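Okay, structure first, notes after.
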Amino acid sequence: MPELPKDLDEAIAQAKTATKAALEDGYRLVQVEIGIPELKVQPIAEEFLPIFEDLFGDRFKVYFPDAGAAALARRDWGERPYIIRGLSEPKGQMQPEDEGFLFVEPSAVEVNTLEKMCEQAGDRPTVILLPKLENVAIIGIGLAGRQLRERFLSTIESCYYIQPSEGYAVFRCYPSPWQVWLENGDTYELISETATKPVGDDLERLITQATSPAEKSPEEDTHKPLAAPKKPGLMTNMKRFLRALSQ
């Protein structure tokens with residue numbers, strides 16, 4: 001069973017392994033999410049290039065939200081045999097010979113372009129890395145927003161996800177199920193595993209059940225369930241992890 005990462009390097013390694021596993025299992029539209037602000041995206045994207053190079057050689061394309069971000073990547077990564085462009089750049093148009101695509105940090109501003117390009121990609125492997133697609137103010141909470149989620153966002157397989165929050169963390173590393181880890185002193189305890197991502201009322205209910213002592217009968221007291229797995233020292237490691245993300 002995968003555990004919460006101790007640092008950014010471990011998170012990236014987990015994410016790369018999960019991405020390869022999902023693609024090898026036949027998923028064609030997957031995403032990697034590390035829900036931490038101030039994350040430096042370009043170096044993480046560079047870590048994912050070998051996955052595509054191993055699978056597709058030079059027959060893939062890398063897309064950034066705009067031409068400026070793509071130009072910085074080309075400068076910092078040096079000469080590459082494959083195309084690195086902004087989403088709307090004419091020189092970055094998809095071609096029939098392309099075998100895979102990596103989209104780096106697309107936001108809700110680009111979601112319509114992203115959707116069209118993913119449709120064009122068809123069954124060719126596509127990875128969305130560190131997206132920012134759930135901006136309600138842009139996508140909307142009405143019919144259009146709901147249709148977008150049902151039509152496109154819901155079709156994306158989240159192969160890696162980590163979201164530390166106040167007192168808990170939501171985590172998924174494909175092919176394992178979604179997990180909720182609860183802070184308990186200097187450790188985190190696994191309190192839930194579900195097939196789908198726990199959100200909203202479902203997530204709140206899981207946390208409430210884990211933190212609210214329930215009245216037990218004498219029979220229940222004599223047959224206590226096994227404690228959830230713990231990872232000693234994880235709180236310290238997570239603090240280091242959060243600090244590493246802003247360096």
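FYI, nothing fancy with the structure tokens labels: chains A, B, ... in order, residues from 1 per chain, ligands from 1 as they appear.
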
inquiry  = Could you pull out the alpha helix (DSSP H) residues of range 30-86 of chain A, going by DSSP on the backbone, and write them as a list in words?
reply    = Val41, Gln42, Pro43, Ile44, Ala45, Glu46, Glu47, Phe48, Leu49, Pro50, Ile51, Phe52, Glu53, Asp54, Leu55, Phe56, Ala67, Gly68, Ala69, Ala70, Ala71, Leu72, Ala73, Arg74, Arg75, Asp76 and Trp77 of chain A

TODO: Write down as a PyMOL selection string the residues belonging to range 82-182 of chain A that are assigned strand (DSSP E or B) by DSSP computed on the backbone.
DONE: chain A and resi 83-86+100-104+107+126-129+132+157-165+168-173+178-182

Please produce an output containing N, CA and C atoms for each residue in the selection, written as an mmCIF file, in the first residue's frame.
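This went into selection.cif:
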```cif
data_model
loop_
_atom_site.group_PDB
_atom_site.id
_atom_site.type_symbol
_atom_site.label_atom_id
_atom_site.label_comp_id
_atom_site.auth_asym_id
_atom_site.auth_seq_id
_atom_site.Cartn_x
_atom_site.Cartn_y
_atom_site.Cartn_z
ATOM 1 N N ILE A 83 8.377 18.525 -29.996
ATOM 2 C CA ILE A 83 7.806 19.864 -29.966
ATOM 3 C C ILE A 83 7.402 20.252 -28.546
ATOM 4 N N ILE A 84 7.755 21.468 -28.141
ATOM 5 C CA ILE A 84 7.348 22.053 -26.858
ATOM 6 C C ILE A 84 6.741 23.409 -27.174
ATOM 7 N N ARG A 85 5.435 23.524 -27.009
ATOM 8 C CA ARG A 85 4.749 24.735 -27.444
ATOM 9 C C ARG A 85 3.637 25.123 -26.475
ATOM 10 N N GLY A 86 3.109 26.340 -26.680
ATOM 11 C CA GLY A 86 1.919 26.769 -25.971
ATOM 12 C C GLY A 86 0.687 26.135 -26.595
ATOM 13 N N GLY A 100 1.750 10.655 -28.382
ATOM 14 C CA GLY A 100 1.394 10.974 -27.006
ATOM 15 C C GLY A 100 1.506 12.463 -26.757
ATOM 16 N N PHE A 101 0.885 12.911 -25.644
ATOM 17 C CA PHE A 101 0.845 14.338 -25.354
ATOM 18 C C PHE A 101 0.955 14.566 -23.850
ATOM 19 N N LEU A 102 1.713 15.616 -23.488
ATOM 20 C CA LEU A 102 1.848 16.023 -22.099
ATOM 21 C C LEU A 102 1.412 17.480 -21.992
ATOM 22 N N PHE A 103 0.359 17.725 -21.207
ATOM 23 C CA PHE A 103 -0.128 19.079 -20.960
ATOM 24 C C PHE A 103 0.316 19.505 -19.572
ATOM 25 N N VAL A 104 1.037 20.617 -19.493
ATOM 26 C CA VAL A 104 1.625 21.067 -18.235
ATOM 27 C C VAL A 104 0.843 22.251 -17.675
ATOM 28 N N SER A 107 -4.984 25.639 -16.966
ATOM 29 C CA SER A 107 -5.903 26.207 -15.990
ATOM 30 C C SER A 107 -7.307 26.249 -16.564
ATOM 31 N N THR A 126 -2.488 10.587 -23.150
ATOM 32 C CA THR A 126 -2.424 12.001 -22.824
ATOM 33 C C THR A 126 -2.345 12.162 -21.313
ATOM 34 N N VAL A 127 -1.360 12.941 -20.865
ATOM 35 C CA VAL A 127 -1.165 13.179 -19.437
ATOM 36 C C VAL A 127 -1.331 14.672 -19.160
ATOM 37 N N ILE A 128 -2.164 14.990 -18.184
ATOM 38 C CA ILE A 128 -2.354 16.363 -17.736
ATOM 39 C C ILE A 128 -1.633 16.504 -16.401
ATOM 40 N N LEU A 129 -0.588 17.313 -16.395
ATOM 41 C CA LEU A 129 0.288 17.420 -15.236
ATOM 42 C C LEU A 129 0.001 18.702 -14.460
ATOM 43 N N LYS A 132 -4.961 23.098 -13.135
ATOM 44 C CA LYS A 132 -5.716 24.025 -12.288
ATOM 45 C C LYS A 132 -7.063 24.246 -12.969
ATOM 46 N N GLU A 157 -8.843 10.345 -15.685
ATOM 47 C CA GLU A 157 -8.477 9.448 -14.589
ATOM 48 C C GLU A 157 -7.375 10.094 -13.758
ATOM 49 N N SER A 158 -7.639 10.303 -12.481
ATOM 50 C CA SER A 158 -6.638 10.883 -11.582
ATOM 51 C C SER A 158 -5.733 9.764 -11.089
ATOM 52 N N CYS A 159 -4.561 9.640 -11.710
ATOM 53 C CA CYS A 159 -3.672 8.533 -11.346
ATOM 54 C C CYS A 159 -2.810 8.879 -10.134
ATOM 55 N N TYR A 160 -2.600 10.170 -9.879
ATOM 56 C CA TYR A 160 -1.865 10.562 -8.683
ATOM 57 C C TYR A 160 -2.454 11.856 -8.149
ATOM 58 N N TYR A 161 -2.698 11.875 -6.845
ATOM 59 C CA TYR A 161 -3.332 13.036 -6.219
ATOM 60 C C TYR A 161 -2.889 13.099 -4.770
ATOM 61 N N ILE A 162 -2.448 14.280 -4.356
ATOM 62 C CA ILE A 162 -2.186 14.504 -2.938
ATOM 63 C C ILE A 162 -2.618 15.914 -2.586
ATOM 64 N N GLN A 163 -3.426 16.027 -1.544
ATOM 65 C CA GLN A 163 -3.935 17.325 -1.108
ATOM 66 C C GLN A 163 -3.874 17.396 0.413
ATOM 67 N N PRO A 164 -2.755 17.880 0.964
ATOM 68 C CA PRO A 164 -2.708 18.071 2.411
ATOM 69 C C PRO A 164 -3.605 19.241 2.798
ATOM 70 N N SER A 165 -4.397 19.053 3.840
ATOM 71 C CA SER A 165 -5.271 20.103 4.356
ATOM 72 C C SER A 165 -5.093 20.190 5.864
ATOM 73 N N TYR A 168 -5.812 16.825 7.888
ATOM 74 C CA TYR A 168 -5.983 15.583 7.122
ATOM 75 C C TYR A 168 -5.347 15.729 5.745
ATOM 76 N N ALA A 169 -5.277 14.631 5.024
ATOM 77 C CA ALA A 169 -4.767 14.653 3.659
ATOM 78 C C ALA A 169 -5.550 13.646 2.836
ATOM 79 N N VAL A 170 -5.898 14.029 1.607
ATOM 80 C CA VAL A 170 -6.521 13.127 0.642
ATOM 81 C C VAL A 170 -5.432 12.688 -0.333
ATOM 82 N N PHE A 171 -5.380 11.390 -0.616
ATOM 83 C CA PHE A 171 -4.248 10.828 -1.358
ATOM 84 C C PHE A 171 -4.735 9.709 -2.262
ATOM 85 N N ARG A 172 -4.134 9.657 -3.461
ATOM 86 C CA ARG A 172 -4.382 8.536 -4.354
ATOM 87 C C ARG A 172 -3.136 8.280 -5.198
ATOM 88 N N CYS A 173 -2.707 7.047 -5.267
ATOM 89 C CA CYS A 173 -1.575 6.647 -6.096
ATOM 90 C C CYS A 173 -1.994 5.383 -6.841
ATOM 91 N N TRP A 178 -8.625 5.597 -3.419
ATOM 92 C CA TRP A 178 -8.512 6.911 -2.771
ATOM 93 C C TRP A 178 -8.416 6.713 -1.262
ATOM 94 N N GLN A 179 -7.555 7.480 -0.630
ATOM 95 C CA GLN A 179 -7.339 7.357 0.800
ATOM 96 C C GLN A 179 -7.519 8.707 1.488
ATOM 97 N N VAL A 180 -7.978 8.634 2.731
ATOM 98 C CA VAL A 180 -8.009 9.812 3.598
ATOM 99 C C VAL A 180 -7.157 9.495 4.815
ATOM 100 N N TRP A 181 -6.169 10.349 5.059
ATOM 101 C CA TRP A 181 -5.285 10.200 6.206
ATOM 102 C C TRP A 181 -5.571 11.332 7.186
ATOM 103 N N LEU A 182 -5.727 10.990 8.452
ATOM 104 C CA LEU A 182 -6.079 11.957 9.486
ATOM 105 C C LEU A 182 -4.870 12.232 10.368
#
```

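Checking A:Thr113, A:Tyr27, A:Ser176, A:Asp76 one by one against Glu193 in chain A, counting only C-alpha atoms, you find the shortest gap at A:Ser176.
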
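For the residues A:Leu39, A:Ala210, A:Ala45, A:Val32, ranking by smallest atom-to-atom distance to Asn184 in chain A using only C-alpha atoms places A:Ala210 first.
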
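For the choices A:Asp66, A:Glu183, A:Asp202, A:Glu115, the atom-to-atom distance to Pro90 in chain A is smallest for A:Asp66 when using only C-alpha atoms.
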
Near Asp58 in chain A, counting only C-alpha atoms, which residues have an atom at most 9 Å away, once you skip same-chain residues fewer than 3 positions from it, shown as number ranges by chain?
A: 52-53, 61, 80-83, 98

Next, the residues of the selection above should be written as an mmCIF file, in the first residue's frame with N, CA and C atoms.
```cif
data_model
loop_
_atom_site.group_PDB
_atom_site.id
_atom_site.type_symbol
_atom_site.label_atom_id
_atom_site.label_comp_id
_atom_site.auth_asym_id
_atom_site.auth_seq_id
_atom_site.Cartn_x
_atom_site.Cartn_y
_atom_site.Cartn_z
ATOM 1 N N PHE A 52 7.749 9.725 -21.443
ATOM 2 C CA PHE A 52 7.313 9.880 -22.823
ATOM 3 C C PHE A 52 8.409 9.478 -23.800
ATOM 4 N N GLU A 53 9.648 9.803 -23.479
ATOM 5 C CA GLU A 53 10.762 9.430 -24.345
ATOM 6 C C GLU A 53 10.880 7.922 -24.453
ATOM 7 N N LYS A 61 4.298 15.454 -28.054
ATOM 8 C CA LYS A 61 4.354 16.895 -27.898
ATOM 9 C C LYS A 61 4.099 17.280 -26.447
ATOM 10 N N ARG A 80 15.667 19.697 -27.749
ATOM 11 C CA ARG A 80 14.912 18.446 -27.652
ATOM 12 C C ARG A 80 14.393 18.062 -29.038
ATOM 13 N N PRO A 81 14.266 16.764 -29.318
ATOM 14 C CA PRO A 81 13.825 16.351 -30.656
ATOM 15 C C PRO A 81 12.312 16.396 -30.846
ATOM 16 N N TYR A 82 11.575 16.803 -29.812
ATOM 17 C CA TYR A 82 10.124 16.846 -29.901
ATOM 18 C C TYR A 82 9.638 18.279 -29.687
ATOM 19 N N ILE A 83 8.377 18.525 -29.996
ATOM 20 C CA ILE A 83 7.806 19.864 -29.966
ATOM 21 C C ILE A 83 7.402 20.252 -28.546
ATOM 22 N N ASP A 98 1.905 11.937 -34.253
ATOM 23 C CA ASP A 98 2.116 12.078 -32.812
ATOM 24 C C ASP A 98 1.522 10.878 -32.081
#
```

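Between CA of Pro175 in chain A and CA of Gly26 in chain A there is a distance of 12.2 Å.
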
Here CA of Ala13 in chain A and CA of Pro131 in chain A stand apart by 18.1 Å

CA of Gln42 in chain A to CA of Leu130 in chain A measures 10.3 Å
